[in-house]
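Everything on this sheet refers to the single structure shown next.
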Amino acid sequence: MGSFEREGALPPVPLILGLLLALALSVGLVWLLAESSITAAAFGGSLLVLSLAAMIYARVKPEVEEVAHALPDWSVTLAAIEKGGDGVVIIDRANRMVCANERFLKWFGQSAIPPELPVDQQSREGLVEAARKAWREGEAEVGLLLSPNEDKRWSARLQRAGRADDYLVWHFSEIVNTRIEDLISENLTGLFGVVLSRAGLEAALVRADGRIESATPGLGERASGNARMNIVHAEFVQMLRTDERNRIFYAHEGMQGSPQTLVNIALDPPGTTSTSNADQASSLMLLIDSTVVLGGGSESAGRNAVPQLEALLSALPLGLALTDRDGRFLFANKAFMRAVDRRDKGLPQYPSDLVVREDKGAFADSVRRFAKGPIASGNMPVRLSSDPEEPISIGFAGVRGLGDAAVLLSMSDSSEEKRLRRQVAQATKMQAVGQLAGGVAHDFNNVLTAIIGYCDLMLLRHSPGDSDYDDIQQIRANSNRAASLTRQLLAFSRQQTLQPVVLQLPDVVSEVSQLLKRLMSDGIEFTVRHDRELGPVRADPQQLEQVIVNLAVNARDAILASGTTNGRLTMATRRVSREDVERMDIEVMPVDDYTALIIQDTGGGIPAHILPKIFEPFFTTKEQGKGTGLGLSTVYGIVKQSNGYIFADNIPASSGRQAGARFTVYLPVYKGDALPAPSGPPLSEEPDADASDWSTGGNLLLVEDEDMVRAVAERALSRAGYQVTTASDGEEGLAQIANGGGFDLVVSDVVMPGMDGPTMAKAIRKVHPDLPILFMSGYAEEQLRRDINIENMYFIAKPFSVQQIGAKVSEVLGQKGK
């Protein structure tokens, strides 16, 4: 029988034989009694069927019970998690949702599965890290989660569960935003206010007009003698009286009552730094009974009152701290620690240790003055050592009757305001630097035009065998090198000439991939990945190639500089939808569809103090002679001129991944059917073959304010067989037209003192509407056409050579002759 005890097993052979023998005897007995073979056969068949059914049921029943036992009853779990105010969801190790309560689905939607929730980018990264920690350590927490538009806030707790720890339970709690005044009113009129009144402390929330908004229950009774007296909207000063020594008493008790210590805490709105704004804010008035504080004159009893005050200050979102009479810190609440960026380091011994060296003396003197002088309040601007660039305002209030407590320091947490202010300042600085760089490049282009032109004229008189020929060629080569630097400056200032077309970003990446593989060192792994269904972008392909090469070379140098023997450079394209941009919540980038280019390396990352400066021109961390500092600034200018956005951040090290930097370029998706036709003839680096056959000469008007450029251009055009009349500004050029000069073409600079080139061109067109005009400029052709937009207008970029100016004039006159 031992082998038959397992459920669902077949009966042993002896038992089966015994059952068959019993069946045969039963059938035989029925046949003898009924004397009918049919009845005996029917009886035997029935017994056989019943036996087989019993055996099958005994075998199948355990398996059914085992399967039913293996499936968990999630209905019980769902009924349990529906109770309470949290949003709860349970997922398995395959990140599949097992069950979720109604509150979670209401907050995040039917298809949301942690950590992929509709929150901002920083919150999503925190969810991913918390999920990893919970699977690894059993539990984790996320302190703050923000919705994409920051109208909702949550906190999250994670806990691993299940017999095999194969489930993860997420608890989401909503954080309700409350005004400081509402929070204080709720506490003063509730149980907390009752506890304060019993301890001899009364408090009132007083509006800017001096009227009471809410108060502890005992304040009305002590001030009026009536426990049911409603003092809301009454003037706070009417509740109190003072004697000749400026001691404070309740109005009903008068001088027979115990003196009170008054502490005025101004509830400044976040970010206010002036007393004018503080005067419009509400205040929290604390009245501390001297009998409670002093305990019959005992100084130690005064010290015992400090913890009571600390408990009250800790509940306030305003940054508050207490010091003793010698200026040493006694206490600081969490908001104060957060405002001075000392959450992890702890408080120093003296408040002056929080500020920069230049402000230490004045700050320490103010603390001592408020500690030992009459009861007063005030504030002063200081610079914290943790953020010396941003002055903040710290408030002082003298405190009396609390033993060691002497000065109350107050400070608003304006970290978000500082971040926004830094972003605006950075954008303004980059715009100003761009304008400066563009102006410098324009003036430098005039100088280079003269140098290159004179070199060309000298080369016409020297053959390759002359002793001066090589020196002239060297001057010309260095001038062309300087011209490339000016083009980089113009790229940064978004004033270079672009030739945009509609293209697919992966096609541009493929064009330069082979070049990049040759540029990479042997130990650097280079990989490229592309998303599907990328939208087209409108950009200059050659300039985009320069962006990719500059970013890749910068990443390669970072990997080599980190000292590692190997590294990884990853280049990827991504499709970014409008919904993704909304969740990223990047204030400077409009909500639209984008195609992103991501270049990520393992070079250790960019130091935090360098990150805000990396796109500035001439800023470089490379050694002398190994970089001009224009690579990333050129990238910045090209991306911005293409209506795109570029951001740099650091990727922290994690398991199996090295730390590095990441550059992300966002280009808006082009949604037009075709690229619109240009409003004028395109810029030609090489002259058109048919147009350059013009050989009939011509009468030209050359208008240029720079003497060197005008002289070079005049000599170059005169040698080409043209009759050249010169003018030094727009007024002189108009005078030449008015004097009856029959000109075939006007060659003019754009930026000139007095009347500039575009203004002169519009005046000329009123008299000669068909006269072609060739503009010379170091600024972008696209910007010039947008500002002028007239027909029969041409363009040549500075600096140009003698051959280029002659060929361009021949091209323009050739088109006129067609």
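Ordered as shown in the structure tokens, chains take letters A, B, and onward, while each chain numbers its residues from 1 and ligands are numbered from 1 in the order shown.
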
So that I can see what lies close to segment 226-235 of chain A, please list as a ChimeraX atom specification the residues with an atom at most 8 Å from it, counting only C-alpha atoms and leaving out residues fewer than 6 positions away in the same chain. /A:210-215,217-218,220

Can you write out the residues you just picked, keeping C-alpha atoms, as a PDB file, in the first residue's frame?
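And here's again_33.pdb as it stands now:
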ATOM      1  CA  GLY A 210      -2.397  93.798  10.496  1.00  0.00           C
ATOM      2  CA  ARG A 211      -5.608  91.774  10.833  1.00  0.00           C
ATOM      3  CA  ILE A 212      -5.728  88.217  12.179  1.00  0.00           C
ATOM      4  CA  GLU A 213      -6.427  85.460   9.671  1.00  0.00           C
ATOM      5  CA  SER A 214      -6.255  82.528  12.117  1.00  0.00           C
ATOM      6  CA  ALA A 215      -5.007  81.929  15.655  1.00  0.00           C
ATOM      7  CA  PRO A 217      -7.708  78.710  20.516  1.00  0.00           C
ATOM      8  CA  GLY A 218      -6.200  80.269  23.660  1.00  0.00           C
ATOM      9  CA  GLY A 220      -8.826  84.947  22.017  1.00  0.00           C
TER      10      GLY A 220
END

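Reported to one decimal place, the separation of atom CA of Tyr645 of chain A from atom CA of Val665 of chain A is 5.8 Å.
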
Excluding same-chain residues fewer than 5 positions from Ser282 of chain A, what lies within 12 Å of it counting only C-alpha atoms, as a ChimeraX atom specification? /A:179-182,184-185,204-214,264-269,277

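Contact shell of Val703 of chain A at 6 Å (only C-alpha atoms; same-chain neighbours under 5 positions omitted): A:Thr726, A:Ala727, A:Ser728, A:Ser748.
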
Could you name the residues that touch Leu105 of chain A at 12 Å or less, counting only C-alpha atoms, but leaving out those on the same chain fewer than 3 positions away, as a PyMOL selection string? chain A and resi 82+86-89+97+99-102+108-114+117-118+172

Please list as a ChimeraX atom specification every residue within 12 Å of Gln514 of chain A, counting only C-alpha atoms and excluding residues in the same chain fewer than 4 positions away. /A:508-510,518-520,526-528,549

Store the residues picked out above in a file with N, CA and C atoms, as a short mmCIF file (atom, residue, chain, number, x, y, z; two decimals), in the first residue's frame.
data_model
loop_
_atom_site.label_atom_id
_atom_site.label_comp_id
_atom_site.auth_asym_id
_atom_site.auth_seq_id
_atom_site.Cartn_x
_atom_site.Cartn_y
_atom_site.Cartn_z
N VAL A 508 22.93 61.47 -43.94
CA VAL A 508 24.11 62.30 -43.65
C VAL A 508 25.08 61.54 -42.75
N VAL A 509 24.54 60.81 -41.76
CA VAL A 509 25.41 60.03 -40.88
C VAL A 509 26.16 58.96 -41.66
N SER A 510 25.47 58.31 -42.62
CA SER A 510 26.12 57.28 -43.43
C SER A 510 27.24 57.86 -44.28
N ARG A 518 37.84 56.00 -39.66
CA ARG A 518 39.28 56.22 -39.84
C ARG A 518 39.83 57.18 -38.78
N LEU A 519 38.98 58.10 -38.30
CA LEU A 519 39.43 59.06 -37.29
C LEU A 519 39.53 58.43 -35.91
N MET A 520 38.78 57.37 -35.65
CA MET A 520 38.79 56.75 -34.33
C MET A 520 40.09 55.97 -34.11
N PHE A 526 33.18 52.05 -32.28
CA PHE A 526 32.27 53.03 -32.89
C PHE A 526 31.04 52.30 -33.41
N THR A 527 29.87 52.67 -32.91
CA THR A 527 28.61 52.04 -33.33
C THR A 527 27.60 53.10 -33.73
N VAL A 528 26.73 52.74 -34.68
CA VAL A 528 25.69 53.64 -35.18
C VAL A 528 24.37 52.89 -35.13
N VAL A 549 31.14 65.51 -37.47
CA VAL A 549 32.58 65.28 -37.35
C VAL A 549 33.14 66.00 -36.12
#

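The space between atom CA of Gly465 of chain A and atom CA of Met708 of chain A spans 28.3 Å.
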
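By only C-alpha atoms, and with residues fewer than 6 positions from Leu409 of chain A along its chain excluded, the set lying at most 6 Å from it is Leu320, Ala321, Gly395 and Phe396 of chain A.
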
Only N, CA and C atoms, please: the residues just picked out, written as an mmCIF file, in the first residue's frame.
data_model
loop_
_atom_site.group_PDB
_atom_site.id
_atom_site.type_symbol
_atom_site.label_atom_id
_atom_site.label_comp_id
_atom_site.auth_asym_id
_atom_site.auth_seq_id
_atom_site.Cartn_x
_atom_site.Cartn_y
_atom_site.Cartn_z
ATOM 1 N N LEU A 320 14.350 78.559 8.315
ATOM 2 C CA LEU A 320 14.524 79.232 9.599
ATOM 3 C C LEU A 320 15.618 78.538 10.404
ATOM 4 N N ALA A 321 16.398 79.347 11.147
ATOM 5 C CA ALA A 321 17.460 78.815 12.004
ATOM 6 C C ALA A 321 17.584 79.695 13.238
ATOM 7 N N GLY A 395 17.130 87.150 6.499
ATOM 8 C CA GLY A 395 16.448 87.976 7.477
ATOM 9 C C GLY A 395 16.941 87.711 8.890
ATOM 10 N N PHE A 396 16.960 88.762 9.741
ATOM 11 C CA PHE A 396 17.372 88.670 11.140
ATOM 12 C C PHE A 396 16.213 89.116 12.013
#

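Closest approach to Phe743 of chain A among A:Pro799, A:Pro464, A:Pro772, A:Gly453: A:Pro772, based on only C-alpha atoms.
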
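Between atom CA of Phe615 of chain A and atom CA of Leu632 of chain A the separation is 5.3 Å.
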
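Distances from A:Lys517, A:Arg568, A:Arg583, A:Arg325 to Ala659 of chain A were compared using only C-alpha atoms, and the smallest one belongs to A:Arg568.
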
Can you list every residue in segment 66-304 of chain A that DSSP puts in strand (DSSP E), as a PDB file with N, CA and C atoms, in the first residue's frame?
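Saved to out-v7.pdb:
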ATOM      1  N   GLY A  87      -2.189  55.098  -4.833  1.00  0.00           N
ATOM      2  CA  GLY A  87      -2.302  54.376  -6.086  1.00  0.00           C
ATOM      3  C   GLY A  87      -1.347  53.200  -6.059  1.00  0.00           C
ATOM      4  N   VAL A  88      -1.855  51.981  -6.248  1.00  0.00           N
ATOM      5  CA  VAL A  88      -1.049  50.769  -6.089  1.00  0.00           C
ATOM      6  C   VAL A  88      -1.098  49.982  -7.392  1.00  0.00           C
ATOM      7  N   VAL A  89       0.072  49.493  -7.791  1.00  0.00           N
ATOM      8  CA  VAL A  89       0.173  48.628  -8.969  1.00  0.00           C
ATOM      9  C   VAL A  89       1.202  47.542  -8.655  1.00  0.00           C
ATOM     10  N   ILE A  90       0.960  46.328  -9.166  1.00  0.00           N
ATOM     11  CA  ILE A  90       1.855  45.187  -8.969  1.00  0.00           C
ATOM     12  C   ILE A  90       2.330  44.709 -10.324  1.00  0.00           C
ATOM     13  N   ILE A  91       3.655  44.574 -10.483  1.00  0.00           N
ATOM     14  CA  ILE A  91       4.230  44.089 -11.734  1.00  0.00           C
ATOM     15  C   ILE A  91       5.124  42.887 -11.435  1.00  0.00           C
ATOM     16  N   ASP A  92       5.340  42.043 -12.466  1.00  0.00           N
ATOM     17  CA  ASP A  92       6.214  40.882 -12.295  1.00  0.00           C
ATOM     18  C   ASP A  92       7.596  41.195 -12.850  1.00  0.00           C
ATOM     19  N   MET A  97       2.059  44.233 -15.966  1.00  0.00           N
ATOM     20  CA  MET A  97       1.151  44.615 -14.898  1.00  0.00           C
ATOM     21  C   MET A  97       0.292  43.424 -14.502  1.00  0.00           C
ATOM     22  N   VAL A  98       0.304  43.104 -13.207  1.00  0.00           N
ATOM     23  CA  VAL A  98      -0.505  42.009 -12.687  1.00  0.00           C
ATOM     24  C   VAL A  98      -1.869  42.532 -12.252  1.00  0.00           C
ATOM     25  N   CYS A  99      -1.883  43.591 -11.473  1.00  0.00           N
ATOM     26  CA  CYS A  99      -3.131  44.228 -11.091  1.00  0.00           C
ATOM     27  C   CYS A  99      -2.828  45.643 -10.618  1.00  0.00           C
ATOM     28  N   ALA A 100      -3.839  46.511 -10.652  1.00  0.00           N
ATOM     29  CA  ALA A 100      -3.696  47.902 -10.235  1.00  0.00           C
ATOM     30  C   ALA A 100      -5.039  48.390  -9.742  1.00  0.00           C
ATOM     31  N   GLU A 139      13.583  46.994  -1.415  1.00  0.00           N
ATOM     32  CA  GLU A 139      12.707  48.150  -1.288  1.00  0.00           C
ATOM     33  C   GLU A 139      13.453  49.407  -1.727  1.00  0.00           C
ATOM     34  N   ALA A 140      12.676  50.445  -2.071  1.00  0.00           N
ATOM     35  CA  ALA A 140      13.255  51.718  -2.513  1.00  0.00           C
ATOM     36  C   ALA A 140      12.176  52.784  -2.406  1.00  0.00           C
ATOM     37  N   GLU A 141      12.596  54.044  -2.497  1.00  0.00           N
ATOM     38  CA  GLU A 141      11.679  55.179  -2.421  1.00  0.00           C
ATOM     39  C   GLU A 141      12.074  56.225  -3.444  1.00  0.00           C
ATOM     40  N   VAL A 142      11.076  56.996  -3.908  1.00  0.00           N
ATOM     41  CA  VAL A 142      11.295  58.170  -4.761  1.00  0.00           C
ATOM     42  C   VAL A 142      10.586  59.327  -4.085  1.00  0.00           C
ATOM     43  N   GLY A 143      11.344  60.369  -3.744  1.00  0.00           N
ATOM     44  CA  GLY A 143      10.784  61.445  -2.941  1.00  0.00           C
ATOM     45  C   GLY A 143       9.818  62.339  -3.689  1.00  0.00           C
ATOM     46  N   LEU A 144      10.082  62.626  -4.971  1.00  0.00           N
ATOM     47  CA  LEU A 144       9.244  63.585  -5.694  1.00  0.00           C
ATOM     48  C   LEU A 144       9.137  63.170  -7.143  1.00  0.00           C
ATOM     49  N   LEU A 145       7.908  63.066  -7.636  1.00  0.00           N
ATOM     50  CA  LEU A 145       7.616  62.815  -9.049  1.00  0.00           C
ATOM     51  C   LEU A 145       6.739  63.948  -9.553  1.00  0.00           C
ATOM     52  N   LEU A 146       7.070  64.476 -10.720  1.00  0.00           N
ATOM     53  CA  LEU A 146       6.331  65.602 -11.287  1.00  0.00           C
ATOM     54  C   LEU A 146       5.682  65.180 -12.589  1.00  0.00           C
ATOM     55  N   ARG A 153       1.937  66.154  -8.244  1.00  0.00           N
ATOM     56  CA  ARG A 153       3.162  65.657  -7.635  1.00  0.00           C
ATOM     57  C   ARG A 153       2.849  64.402  -6.840  1.00  0.00           C
ATOM     58  N   TRP A 154       3.786  63.440  -6.869  1.00  0.00           N
ATOM     59  CA  TRP A 154       3.623  62.202  -6.119  1.00  0.00           C
ATOM     60  C   TRP A 154       4.943  61.811  -5.473  1.00  0.00           C
ATOM     61  N   SER A 155       4.841  60.917  -4.508  1.00  0.00           N
ATOM     62  CA  SER A 155       6.000  60.185  -4.003  1.00  0.00           C
ATOM     63  C   SER A 155       5.710  58.699  -4.193  1.00  0.00           C
ATOM     64  N   ALA A 156       6.768  57.896  -4.230  1.00  0.00           N
ATOM     65  CA  ALA A 156       6.587  56.475  -4.527  1.00  0.00           C
ATOM     66  C   ALA A 156       7.388  55.618  -3.559  1.00  0.00           C
ATOM     67  N   ARG A 157       6.795  54.468  -3.163  1.00  0.00           N
ATOM     68  CA  ARG A 157       7.483  53.456  -2.371  1.00  0.00           C
ATOM     69  C   ARG A 157       7.393  52.131  -3.122  1.00  0.00           C
ATOM     70  N   LEU A 158       8.491  51.393  -3.177  1.00  0.00           N
ATOM     71  CA  LEU A 158       8.562  50.135  -3.892  1.00  0.00           C
ATOM     72  C   LEU A 158       8.955  49.025  -2.920  1.00  0.00           C
ATOM     73  N   GLN A 159       8.355  47.847  -3.068  1.00  0.00           N
ATOM     74  CA  GLN A 159       8.674  46.721  -2.194  1.00  0.00           C
ATOM     75  C   GLN A 159       8.557  45.419  -2.990  1.00  0.00           C
ATOM     76  N   ARG A 160       9.586  44.598  -2.862  1.00  0.00           N
ATOM     77  CA  ARG A 160       9.586  43.292  -3.515  1.00  0.00           C
ATOM     78  C   ARG A 160       8.715  42.338  -2.705  1.00  0.00           C
ATOM     79  N   ALA A 161       7.922  41.485  -3.394  1.00  0.00           N
ATOM     80  CA  ALA A 161       6.973  40.629  -2.694  1.00  0.00           C
ATOM     81  C   ALA A 161       6.835  39.312  -3.456  1.00  0.00           C
ATOM     82  N   TYR A 167       7.584  39.583  -7.587  1.00  0.00           N
ATOM     83  CA  TYR A 167       6.655  40.675  -7.845  1.00  0.00           C
ATOM     84  C   TYR A 167       7.187  41.950  -7.200  1.00  0.00           C
ATOM     85  N   LEU A 168       6.802  43.102  -7.762  1.00  0.00           N
ATOM     86  CA  LEU A 168       7.199  44.410  -7.242  1.00  0.00           C
ATOM     87  C   LEU A 168       5.932  45.227  -7.027  1.00  0.00           C
ATOM     88  N   VAL A 169       5.716  45.664  -5.792  1.00  0.00           N
ATOM     89  CA  VAL A 169       4.525  46.429  -5.429  1.00  0.00           C
ATOM     90  C   VAL A 169       4.906  47.908  -5.360  1.00  0.00           C
ATOM     91  N   TRP A 170       4.212  48.720  -6.139  1.00  0.00           N
ATOM     92  CA  TRP A 170       4.449  50.177  -6.187  1.00  0.00           C
ATOM     93  C   TRP A 170       3.311  50.882  -5.456  1.00  0.00           C
ATOM     94  N   HIS A 171       3.672  51.761  -4.514  1.00  0.00           N
ATOM     95  CA  HIS A 171       2.705  52.606  -3.811  1.00  0.00           C
ATOM     96  C   HIS A 171       2.983  54.062  -4.191  1.00  0.00           C
ATOM     97  N   PHE A 172       1.993  54.742  -4.769  1.00  0.00           N
ATOM     98  CA  PHE A 172       2.125  56.144  -5.154  1.00  0.00           C
ATOM     99  C   PHE A 172       1.214  56.989  -4.265  1.00  0.00           C
ATOM    100  N   SER A 173       1.794  58.022  -3.640  1.00  0.00           N
ATOM    101  CA  SER A 173       1.032  58.926  -2.776  1.00  0.00           C
ATOM    102  C   SER A 173       1.061  60.313  -3.382  1.00  0.00           C
ATOM    103  N   GLU A 174      -0.070  60.956  -3.464  1.00  0.00           N
ATOM    104  CA  GLU A 174      -0.156  62.290  -4.058  1.00  0.00           C
ATOM    105  C   GLU A 174       0.309  63.339  -3.052  1.00  0.00           C
ATOM    106  N   LEU A 201       2.116  78.842  24.774  1.00  0.00           N
ATOM    107  CA  LEU A 201       2.501  79.529  23.543  1.00  0.00           C
ATOM    108  C   LEU A 201       1.237  79.812  22.742  1.00  0.00           C
ATOM    109  N   GLU A 202       1.084  81.053  22.338  1.00  0.00           N
ATOM    110  CA  GLU A 202      -0.022  81.430  21.462  1.00  0.00           C
ATOM    111  C   GLU A 202       0.566  81.936  20.150  1.00  0.00           C
ATOM    112  N   ALA A 203      -0.171  81.701  19.065  1.00  0.00           N
ATOM    113  CA  ALA A 203       0.308  82.106  17.746  1.00  0.00           C
ATOM    114  C   ALA A 203      -0.858  82.618  16.930  1.00  0.00           C
ATOM    115  N   ALA A 204      -0.553  83.535  16.007  1.00  0.00           N
ATOM    116  CA  ALA A 204      -1.564  84.098  15.124  1.00  0.00           C
ATOM    117  C   ALA A 204      -0.955  84.340  13.757  1.00  0.00           C
ATOM    118  N   LEU A 205      -1.725  84.044  12.718  1.00  0.00           N
ATOM    119  CA  LEU A 205      -1.342  84.365  11.347  1.00  0.00           C
ATOM    120  C   LEU A 205      -1.952  85.718  11.025  1.00  0.00           C
ATOM    121  N   VAL A 206      -1.083  86.708  10.791  1.00  0.00           N
ATOM    122  CA  VAL A 206      -1.519  88.091  10.620  1.00  0.00           C
ATOM    123  C   VAL A 206      -1.254  88.520   9.188  1.00  0.00           C
ATOM    124  N   ILE A 212      -5.973  89.630  11.898  1.00  0.00           N
ATOM    125  CA  ILE A 212      -5.728  88.217  12.179  1.00  0.00           C
ATOM    126  C   ILE A 212      -6.497  87.359  11.176  1.00  0.00           C
ATOM    127  N   GLU A 213      -5.800  86.413  10.592  1.00  0.00           N
ATOM    128  CA  GLU A 213      -6.427  85.460   9.671  1.00  0.00           C
ATOM    129  C   GLU A 213      -6.790  84.167  10.380  1.00  0.00           C
ATOM    130  N   SER A 214      -5.957  83.705  11.289  1.00  0.00           N
ATOM    131  CA  SER A 214      -6.255  82.528  12.117  1.00  0.00           C
ATOM    132  C   SER A 214      -5.373  82.606  13.350  1.00  0.00           C
ATOM    133  N   ALA A 215      -5.762  81.860  14.408  1.00  0.00           N
ATOM    134  CA  ALA A 215      -5.007  81.929  15.655  1.00  0.00           C
ATOM    135  C   ALA A 215      -5.257  80.656  16.458  1.00  0.00           C
ATOM    136  N   LEU A 240      -2.987  93.249  22.376  1.00  0.00           N
ATOM    137  CA  LEU A 240      -1.825  93.377  23.247  1.00  0.00           C
ATOM    138  C   LEU A 240      -1.756  94.776  23.858  1.00  0.00           C
ATOM    139  N   ARG A 241      -0.973  94.871  24.934  1.00  0.00           N
ATOM    140  CA  ARG A 241      -0.671  96.146  25.598  1.00  0.00           C
ATOM    141  C   ARG A 241       0.810  96.140  25.965  1.00  0.00           C
ATOM    142  N   THR A 242       1.422  97.288  26.105  1.00  0.00           N
ATOM    143  CA  THR A 242       2.830  97.408  26.518  1.00  0.00           C
ATOM    144  C   THR A 242       2.922  98.358  27.704  1.00  0.00           C
ATOM    145  N   ILE A 248       5.443  93.277  26.849  1.00  0.00           N
ATOM    146  CA  ILE A 248       4.193  92.988  26.138  1.00  0.00           C
ATOM    147  C   ILE A 248       3.293  92.150  27.040  1.00  0.00           C
ATOM    148  N   PHE A 249       1.979  92.556  27.127  1.00  0.00           N
ATOM    149  CA  PHE A 249       0.975  91.844  27.913  1.00  0.00           C
ATOM    150  C   PHE A 249      -0.274  91.674  27.053  1.00  0.00           C
ATOM    151  N   TYR A 250      -1.106  90.695  27.440  1.00  0.00           N
ATOM    152  CA  TYR A 250      -2.400  90.561  26.775  1.00  0.00           C
ATOM    153  C   TYR A 250      -3.321  91.695  27.226  1.00  0.00           C
ATOM    154  N   GLN A 260       4.976  88.695  27.857  1.00  0.00           N
ATOM    155  CA  GLN A 260       5.055  87.792  26.709  1.00  0.00           C
ATOM    156  C   GLN A 260       6.259  88.161  25.841  1.00  0.00           C
ATOM    157  N   THR A 261       6.851  87.143  25.251  1.00  0.00           N
ATOM    158  CA  THR A 261       7.915  87.355  24.261  1.00  0.00           C
ATOM    159  C   THR A 261       7.295  87.237  22.878  1.00  0.00           C
ATOM    160  N   LEU A 262       7.445  88.285  22.069  1.00  0.00           N
ATOM    161  CA  LEU A 262       6.858  88.313  20.729  1.00  0.00           C
ATOM    162  C   LEU A 262       7.936  88.009  19.692  1.00  0.00           C
ATOM    163  N   VAL A 263       7.673  87.010  18.866  1.00  0.00           N
ATOM    164  CA  VAL A 263       8.564  86.659  17.754  1.00  0.00           C
ATOM    165  C   VAL A 263       7.781  86.846  16.463  1.00  0.00           C
ATOM    166  N   ASN A 264       8.294  87.703  15.594  1.00  0.00           N
ATOM    167  CA  ASN A 264       7.633  88.012  14.321  1.00  0.00           C
ATOM    168  C   ASN A 264       8.369  87.267  13.207  1.00  0.00           C
ATOM    169  N   ILE A 265       7.683  86.327  12.552  1.00  0.00           N
ATOM    170  CA  ILE A 265       8.260  85.552  11.432  1.00  0.00           C
ATOM    171  C   ILE A 265       7.554  85.996  10.157  1.00  0.00           C
ATOM    172  N   ALA A 266       8.262  86.719   9.300  1.00  0.00           N
ATOM    173  CA  ALA A 266       7.684  87.183   8.042  1.00  0.00           C
ATOM    174  C   ALA A 266       7.637  86.041   7.041  1.00  0.00           C
ATOM    175  N   SER A 283       2.463  87.406   8.232  1.00  0.00           N
ATOM    176  CA  SER A 283       3.458  87.130   9.259  1.00  0.00           C
ATOM    177  C   SER A 283       2.874  86.153  10.266  1.00  0.00           C
ATOM    178  N   LEU A 284       3.759  85.339  10.838  1.00  0.00           N
ATOM    179  CA  LEU A 284       3.387  84.448  11.925  1.00  0.00           C
ATOM    180  C   LEU A 284       3.872  85.079  13.222  1.00  0.00           C
ATOM    181  N   MET A 285       2.939  85.430  14.112  1.00  0.00           N
ATOM    182  CA  MET A 285       3.253  86.060  15.390  1.00  0.00           C
ATOM    183  C   MET A 285       3.207  85.003  16.498  1.00  0.00           C
ATOM    184  N   LEU A 286       4.349  84.839  17.178  1.00  0.00           N
ATOM    185  CA  LEU A 286       4.431  83.901  18.295  1.00  0.00           C
ATOM    186  C   LEU A 286       4.478  84.693  19.595  1.00  0.00           C
ATOM    187  N   LEU A 287       3.619  84.342  20.530  1.00  0.00           N
ATOM    188  CA  LEU A 287       3.595  84.945  21.863  1.00  0.00           C
ATOM    189  C   LEU A 287       3.947  83.854  22.871  1.00  0.00           C
ATOM    190  N   ILE A 288       5.105  84.002  23.527  1.00  0.00           N
ATOM    191  CA  ILE A 288       5.614  82.979  24.445  1.00  0.00           C
ATOM    192  C   ILE A 288       5.553  83.533  25.862  1.00  0.00           C
ATOM    193  N   ASP A 289       4.810  82.858  26.720  1.00  0.00           N
ATOM    194  CA  ASP A 289       4.620  83.313  28.091  1.00  0.00           C
ATOM    195  C   ASP A 289       5.935  83.217  28.865  1.00  0.00           C
TER     196      ASP A 289
END

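Closest approach to Leu322 of chain A among A:Thr570, A:Ser377, A:Gln542, A:Ser410: A:Ser410, based on only C-alpha atoms.
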